[in-house]
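See structure below.
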Amino acid sequence: MNWWHHPLARWGAMILLVLYLGMVGADFLAPYDPYASQENGALLPPTQIYWRPWPQVYPTTQGPLDLETGERELRVDRTQPRPVRFFVRGYAYRWLELTVPVPQWTQRGWQVTDWRVFPGIPSDWHLFGVAAPAYLNLLGTDDQGRDQFSRLLLGSRISLSVGLVGILITFPIGILLGGVAGYAGGWVDALLMRLVEVLMTIPSIYLLVALAAVLPPGLTSSQRFLLIVLITSFINWAGLARVIRGQVLSIKEQGFVQAARVLGARPLGILWRHILPQTTTYVIISATLTVPGFIVAESVLSLIGLGIEQPDASWGNMLSLATNVSIMLLHPWLVWPPALMIVLAVLGFNLLGDGLRDSLDPRQKGR
């Protein structure tokens with residue numbers, strides 16, 4: 001059965017495709033610098049677009065605070081209409097720039113530095129925008145006057161990549177140790193499984209909070225990103241290793257494995273070439289169902305102030321404004337977009353994983 005024909009897998013894949021395309025093209029899609037503040041533009045609501053005679057906006061700023069009601073009057077300058085244009089020039093960026101945080105030993109001890117893998121392509125083109133002094137804030141601005149839509153796109157880089165980087169660390173460890181435990185048996189199996197049981201008894205969210213709280217101050221967002229991924233990966237590999245070990249115990253008794261032994265194949269070669277490839281279906285499905293856990297873990301840590309810190313953006317620290325009741329009531333546009341993105345990302349991976357599981361299950365193929 002082709003997994004694309006499964007409705008759950010198809011919908012999940014389409015949701016994730018849109019989210020990851022937005023992540024890759026974040027700089028091009030973002031109309032403004034995510035770190036730049038607009039003058040008198042704090043906590044502006046989404047910009048109203050006037051469609052006649054053509055799509056246009058007016059310069060909008062915040063007036064003085066009303067001490068009695070706690071509200072601010074919006075000041076709209078209708079004498080300076082600015083048409084909405086596509087493919088405009090704006091702030092400069094480097095498209096597809098890729099930097100990786102790498103730990104290295106220095107005279108001061110272990111430090112994490114950013115290593116540039118790909119320098120990126122310099123550009124200043126953006127999908128849409130308007131001329132000054134007007135701004136087109138599709139999702140309003142935050143409490144610092146920064147465009148919320150641009151920050152939402154920037155935050156997707158961390159929130160969507162944390163899961164992918166996490167499984168690249170977790171799965172090799174879980175597959176290798178689970179495979180060795182199942183194939184070797186004896187004291188090797190007993191030792192590795194006791195370690196797995198110890199790790200599985202640790203409540204993950206409390207460990208994340210405890211370890212994140214003792215991180216040294218002054219870490220950059222990339223360094224915190226690396227530490228969050230490492231901590232989360234350290235917790236999550238145990239469950240995968242246990243399942244892989246169970247599958248290897250069953251596979252190693254089959255005829256093709258026995259034939260490889262008779263022909264003189266080495267144990268590690270048998271495990272690598274003949275046994276572990278038989279677990280590929282489960283590994284693919286498990287990967288799609290594990291990524292949401294990394295996304296939620298990063299969001300929770302950033303939400304409570306122990307993850308990615310301002311001024312850098314992630315969906316979690318953007319959602320931290322929800323802890324302010326006045327923000328929830330008076331400025332809901334600051335809360336719902338990042339919450340919706342987290343829900344869509346988790347839903348997309350879960351739908352894809354459920355669809356793949358149903359499509360690749362041999363018991364489903366005859367139905």
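Identifiers in this document derive from the order of the structure tokens: chains are assigned A, B, ..., residues are numbered from 1 separately in each chain, and ligands are numbered from 1 in order of occurrence.
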- Task: Write down as a PyMOL selection string the residues of range 78-171 of chain A whose backbone DSSP state falls under strand (DSSP E or B).
- Result: chain A and resi 82-83+85-95+98-106+109-118+121-129+141+147
- Message: Write out as an MDAnalysis selection string the set of residues from range 60-239 of chain A that DSSP, computed on the backbone, places in helix (DSSP H, G or I).
- Response: chainID A and resid 148:184 186:200 204:213 221:239
- Message: What's around Phe28 in chain A at 12 Å? Count only C-alpha atoms, leave out sequence neighbours fewer than 4 positions away in its own chain, and write the answer as a VMD selection string.
- Response: chain A and resid 21 to 24 32 to 33 86 to 96 121 to 129 150 153 to 154
- Counting only C-alpha atoms, which of A:Leu319, A:Leu240, A:Val76, A:Leu249 gets nearest to Pro332 in chain A? A:Leu319
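For the choices A:Gly255, A:Pro101, A:Gly155, A:Pro133, the atom-to-atom distance to Gly316 in chain A is smallest for A:Gly155 when using only C-alpha atoms.
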- Using only C-alpha atoms, determine which residues lie at most 7 Å from range 49-66 of chain A, disregarding the query and same-chain residues fewer than 4 positions distant; provide the list as a PyMOL selection string. chain A and resi 40-41+44+70-78+80-84+133-135
Can you spit out the residues from that selection as a PDB file, in the first residue's frame, using C-alpha atoms?
ATOM      1  CA  ASN A  40       5.831  53.895  18.771  1.00  0.00           C
ATOM      2  CA  GLY A  41       4.786  50.459  17.531  1.00  0.00           C
ATOM      3  CA  LEU A  44       0.010  47.085  17.703  1.00  0.00           C
ATOM      4  CA  GLY A  70      -5.295  50.689  30.470  1.00  0.00           C
ATOM      5  CA  GLU A  71      -5.852  50.987  26.718  1.00  0.00           C
ATOM      6  CA  ARG A  72      -4.002  52.939  24.056  1.00  0.00           C
ATOM      7  CA  GLU A  73      -5.598  54.805  21.195  1.00  0.00           C
ATOM      8  CA  LEU A  74      -4.421  53.824  17.730  1.00  0.00           C
ATOM      9  CA  ARG A  75      -3.283  56.745  15.634  1.00  0.00           C
ATOM     10  CA  VAL A  76      -3.869  56.158  11.919  1.00  0.00           C
ATOM     11  CA  ASP A  77      -2.402  58.687   9.495  1.00  0.00           C
ATOM     12  CA  ARG A  78      -4.778  58.543   6.523  1.00  0.00           C
ATOM     13  CA  GLN A  80      -0.076  58.773   3.673  1.00  0.00           C
ATOM     14  CA  PRO A  81      -1.533  55.633   2.077  1.00  0.00           C
ATOM     15  CA  ARG A  82       1.051  53.034   1.118  1.00  0.00           C
ATOM     16  CA  PRO A  83       0.191  50.295  -1.418  1.00  0.00           C
ATOM     17  CA  VAL A  84       1.057  46.687  -0.659  1.00  0.00           C
ATOM     18  CA  PRO A 133       6.540  55.225   7.142  1.00  0.00           C
ATOM     19  CA  ALA A 134       3.841  52.534   7.071  1.00  0.00           C
ATOM     20  CA  TYR A 135       4.264  48.925   8.240  1.00  0.00           C
TER      21      TYR A 135
END
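Residues surrounding Gly178 in chain A within 9 Å are Ile173, Gly174, Gly182, Tyr183, Asp189, Leu192, Met193, Ala238, Leu240, Ala241, Arg242, Val243, Ile244, Arg245, Gly246 and Val248 of chain A [only C-alpha atoms; sequence separation below 4 positions excluded].
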Store the residues picked out above in a file with all heavy atoms, as an mmCIF file, in the first residue's frame.
data_model
loop_
_atom_site.group_PDB
_atom_site.id
_atom_site.type_symbol
_atom_site.label_atom_id
_atom_site.label_comp_id
_atom_site.auth_asym_id
_atom_site.auth_seq_id
_atom_site.Cartn_x
_atom_site.Cartn_y
_atom_site.Cartn_z
ATOM 1 N N ILE A 173 21.988 6.038 18.827
ATOM 2 C CA ILE A 173 22.322 5.456 20.133
ATOM 3 C C ILE A 173 21.349 4.336 20.479
ATOM 4 O O ILE A 173 21.753 3.232 20.879
ATOM 5 C CB ILE A 173 22.306 6.545 21.222
ATOM 6 C CG1 ILE A 173 23.352 7.616 20.915
ATOM 7 C CG2 ILE A 173 22.559 5.932 22.592
ATOM 8 C CD1 ILE A 173 23.315 8.792 21.867
ATOM 9 N N GLY A 174 20.046 4.608 20.341
ATOM 10 C CA GLY A 174 19.048 3.607 20.698
ATOM 11 C C GLY A 174 19.115 2.366 19.825
ATOM 12 O O GLY A 174 19.003 1.236 20.322
ATOM 13 N N GLY A 182 20.255 -7.071 22.235
ATOM 14 C CA GLY A 182 19.442 -8.191 21.779
ATOM 15 C C GLY A 182 20.253 -9.302 21.134
ATOM 16 O O GLY A 182 19.945 -10.488 21.314
ATOM 17 N N TYR A 183 21.283 -8.950 20.390
ATOM 18 C CA TYR A 183 22.054 -9.968 19.676
ATOM 19 C C TYR A 183 23.079 -10.647 20.579
ATOM 20 O O TYR A 183 23.287 -11.862 20.498
ATOM 21 C CB TYR A 183 22.757 -9.344 18.478
ATOM 22 C CG TYR A 183 23.424 -10.361 17.587
ATOM 23 C CD1 TYR A 183 22.676 -11.137 16.701
ATOM 24 C CD2 TYR A 183 24.803 -10.568 17.642
ATOM 25 C CE1 TYR A 183 23.285 -12.082 15.891
ATOM 26 C CE2 TYR A 183 25.418 -11.509 16.829
ATOM 27 C CZ TYR A 183 24.649 -12.262 15.963
ATOM 28 O OH TYR A 183 25.251 -13.208 15.150
ATOM 29 N N ASP A 189 23.466 -7.898 27.622
ATOM 30 C CA ASP A 189 22.044 -7.574 27.577
ATOM 31 C C ASP A 189 21.564 -7.107 28.942
ATOM 32 O O ASP A 189 20.846 -6.108 29.064
ATOM 33 C CB ASP A 189 21.267 -8.808 27.114
ATOM 34 C CG ASP A 189 19.778 -8.530 26.968
ATOM 35 O OD1 ASP A 189 19.400 -7.347 26.839
ATOM 36 O OD2 ASP A 189 18.987 -9.492 27.003
ATOM 37 N N LEU A 192 22.972 -3.488 29.789
ATOM 38 C CA LEU A 192 22.367 -2.406 29.007
ATOM 39 C C LEU A 192 20.899 -2.207 29.365
ATOM 40 O O LEU A 192 20.410 -1.072 29.439
ATOM 41 C CB LEU A 192 22.518 -2.700 27.513
ATOM 42 C CG LEU A 192 23.939 -2.614 26.953
ATOM 43 C CD1 LEU A 192 23.964 -3.006 25.485
ATOM 44 C CD2 LEU A 192 24.508 -1.203 27.121
ATOM 45 N N MET A 193 20.168 -3.295 29.612
ATOM 46 C CA MET A 193 18.759 -3.157 29.946
ATOM 47 C C MET A 193 18.553 -2.564 31.336
ATOM 48 O O MET A 193 17.572 -1.869 31.585
ATOM 49 C CB MET A 193 18.068 -4.518 29.846
ATOM 50 C CG MET A 193 17.863 -4.978 28.415
ATOM 51 S SD MET A 193 16.913 -3.791 27.394
ATOM 52 C CE MET A 193 18.232 -3.004 26.445
ATOM 53 N N ALA A 238 16.389 5.584 25.513
ATOM 54 C CA ALA A 238 16.202 4.337 26.256
ATOM 55 C C ALA A 238 14.990 3.555 25.761
ATOM 56 O O ALA A 238 15.058 2.326 25.577
ATOM 57 C CB ALA A 238 16.071 4.637 27.750
ATOM 58 N N LEU A 240 13.554 3.575 22.814
ATOM 59 C CA LEU A 240 13.818 3.007 21.497
ATOM 60 C C LEU A 240 14.722 1.786 21.604
ATOM 61 O O LEU A 240 14.498 0.768 20.927
ATOM 62 C CB LEU A 240 14.455 4.072 20.595
ATOM 63 C CG LEU A 240 14.893 3.597 19.212
ATOM 64 C CD1 LEU A 240 13.682 3.199 18.384
ATOM 65 C CD2 LEU A 240 15.696 4.687 18.506
ATOM 66 N N ALA A 241 15.756 1.863 22.451
ATOM 67 C CA ALA A 241 16.666 0.729 22.606
ATOM 68 C C ALA A 241 15.938 -0.507 23.104
ATOM 69 O O ALA A 241 16.229 -1.631 22.663
ATOM 70 C CB ALA A 241 17.794 1.105 23.572
ATOM 71 N N ARG A 242 14.988 -0.317 23.982
ATOM 72 C CA ARG A 242 14.257 -1.471 24.517
ATOM 73 C C ARG A 242 13.427 -2.153 23.443
ATOM 74 O O ARG A 242 13.361 -3.388 23.373
ATOM 75 C CB ARG A 242 13.370 -1.014 25.673
ATOM 76 C CG ARG A 242 12.771 -2.137 26.481
ATOM 77 C CD ARG A 242 12.151 -1.609 27.748
ATOM 78 N NE ARG A 242 11.731 -2.694 28.618
ATOM 79 C CZ ARG A 242 11.268 -2.521 29.836
ATOM 80 N NH1 ARG A 242 11.198 -1.299 30.349
ATOM 81 N NH2 ARG A 242 10.892 -3.546 30.577
ATOM 82 N N VAL A 243 12.772 -1.362 22.596
ATOM 83 C CA VAL A 243 11.953 -1.949 21.533
ATOM 84 C C VAL A 243 12.834 -2.626 20.491
ATOM 85 O O VAL A 243 12.519 -3.735 20.019
ATOM 86 C CB VAL A 243 11.070 -0.862 20.887
ATOM 87 C CG1 VAL A 243 10.286 -1.438 19.716
ATOM 88 C CG2 VAL A 243 10.110 -0.282 21.911
ATOM 89 N N ILE A 244 13.926 -1.987 20.092
ATOM 90 C CA ILE A 244 14.846 -2.583 19.115
ATOM 91 C C ILE A 244 15.413 -3.894 19.648
ATOM 92 O O ILE A 244 15.544 -4.882 18.912
ATOM 93 C CB ILE A 244 15.974 -1.605 18.765
ATOM 94 C CG1 ILE A 244 15.416 -0.366 18.053
ATOM 95 C CG2 ILE A 244 17.029 -2.270 17.887
ATOM 96 C CD1 ILE A 244 14.759 -0.657 16.728
ATOM 97 N N ARG A 245 15.730 -3.937 20.919
ATOM 98 C CA ARG A 245 16.246 -5.161 21.520
ATOM 99 C C ARG A 245 15.241 -6.301 21.398
ATOM 100 O O ARG A 245 15.588 -7.440 21.068
ATOM 101 C CB ARG A 245 16.590 -4.888 22.971
ATOM 102 C CG ARG A 245 17.082 -6.103 23.741
ATOM 103 C CD ARG A 245 16.112 -6.447 24.858
ATOM 104 N NE ARG A 245 16.594 -7.533 25.673
ATOM 105 C CZ ARG A 245 15.828 -8.167 26.549
ATOM 106 N NH1 ARG A 245 14.550 -7.822 26.706
ATOM 107 N NH2 ARG A 245 16.323 -9.163 27.264
ATOM 108 N N GLY A 246 13.960 -6.005 21.633
ATOM 109 C CA GLY A 246 12.930 -7.030 21.491
ATOM 110 C C GLY A 246 12.806 -7.531 20.062
ATOM 111 O O GLY A 246 12.629 -8.741 19.831
ATOM 112 N N VAL A 248 15.206 -7.501 17.770
ATOM 113 C CA VAL A 248 16.417 -8.247 17.432
ATOM 114 C C VAL A 248 16.368 -9.653 18.017
ATOM 115 O O VAL A 248 16.805 -10.626 17.376
ATOM 116 C CB VAL A 248 17.661 -7.483 17.922
ATOM 117 C CG1 VAL A 248 18.922 -8.340 17.785
ATOM 118 C CG2 VAL A 248 17.833 -6.191 17.139
#
As a PDB file with N, CA and C atoms, in the first residue's frame, please: the residues near Pro267 in chain A (cut-off 12 Å, only C-alpha atoms, same-chain neighbours under 6 positions excluded).
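This went into selection.pdb:
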ATOM      1  N   GLY A 179      20.323  -3.015  19.537  1.00  0.00           N
ATOM      2  CA  GLY A 179      20.725  -4.133  18.692  1.00  0.00           C
ATOM      3  C   GLY A 179      21.804  -4.979  19.339  1.00  0.00           C
ATOM      4  N   VAL A 180      22.791  -4.331  19.957  1.00  0.00           N
ATOM      5  CA  VAL A 180      23.871  -5.080  20.624  1.00  0.00           C
ATOM      6  C   VAL A 180      23.317  -5.891  21.785  1.00  0.00           C
ATOM      7  N   GLY A 182      20.255  -7.071  22.235  1.00  0.00           N
ATOM      8  CA  GLY A 182      19.442  -8.191  21.779  1.00  0.00           C
ATOM      9  C   GLY A 182      20.253  -9.302  21.134  1.00  0.00           C
ATOM     10  N   TYR A 183      21.283  -8.950  20.390  1.00  0.00           N
ATOM     11  CA  TYR A 183      22.054  -9.968  19.676  1.00  0.00           C
ATOM     12  C   TYR A 183      23.079 -10.647  20.579  1.00  0.00           C
ATOM     13  N   ALA A 184      23.741  -9.874  21.450  1.00  0.00           N
ATOM     14  CA  ALA A 184      24.782 -10.449  22.298  1.00  0.00           C
ATOM     15  C   ALA A 184      24.190 -11.284  23.425  1.00  0.00           C
ATOM     16  N   LYS A 252      16.921 -12.583  15.195  1.00  0.00           N
ATOM     17  CA  LYS A 252      18.191 -13.326  15.152  1.00  0.00           C
ATOM     18  C   LYS A 252      17.995 -14.839  15.116  1.00  0.00           C
ATOM     19  N   VAL A 257      19.521 -15.404   9.242  1.00  0.00           N
ATOM     20  CA  VAL A 257      20.575 -15.074  10.204  1.00  0.00           C
ATOM     21  C   VAL A 257      21.405 -16.306  10.527  1.00  0.00           C
ATOM     22  N   GLN A 258      20.719 -17.442  10.702  1.00  0.00           N
ATOM     23  CA  GLN A 258      21.446 -18.678  10.964  1.00  0.00           C
ATOM     24  C   GLN A 258      22.357 -19.042   9.786  1.00  0.00           C
ATOM     25  N   ALA A 260      23.783 -16.929   7.735  1.00  0.00           N
ATOM     26  CA  ALA A 260      24.935 -16.028   7.762  1.00  0.00           C
ATOM     27  C   ALA A 260      25.974 -16.498   8.776  1.00  0.00           C
ATOM     28  N   ARG A 261      25.500 -17.032   9.904  1.00  0.00           N
ATOM     29  CA  ARG A 261      26.436 -17.558  10.907  1.00  0.00           C
ATOM     30  C   ARG A 261      27.210 -18.758  10.356  1.00  0.00           C
ATOM     31  N   ARG A 273      24.227  -5.753   8.826  1.00  0.00           N
ATOM     32  CA  ARG A 273      23.763  -5.977   7.453  1.00  0.00           C
ATOM     33  C   ARG A 273      22.439  -6.740   7.367  1.00  0.00           C
ATOM     34  N   HIS A 274      22.167  -7.589   8.329  1.00  0.00           N
ATOM     35  CA  HIS A 274      21.021  -8.490   8.193  1.00  0.00           C
ATOM     36  C   HIS A 274      19.911  -8.246   9.212  1.00  0.00           C
ATOM     37  N   ILE A 275      20.256  -7.821  10.425  1.00  0.00           N
ATOM     38  CA  ILE A 275      19.234  -7.720  11.473  1.00  0.00           C
ATOM     39  C   ILE A 275      18.671  -6.310  11.583  1.00  0.00           C
TER      40      ILE A 275
END
- Message: Show me, as a list in words, the residues that have an atom within 6 Å of Arg146 in chain A when counting only C-alpha atoms, minus same-chain residues fewer than 3 positions from it.
- Response: Ala36, Ser37, Thr141 and Asp142 of chain A
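Here CA of Val209 in chain A is placed at a distance of 10.8 Å from CA of Thr232 in chain A.
Take CA of Ile270 in chain A and CA of Gly353 in chain A: the distance between them is 28.8 Å.
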- Nearest to Ile167 in chain A, chosen from A:Trp315, A:Trp336, A:Phe349, A:Trp237, with only C-alpha atoms counted in the distances: A:Trp237
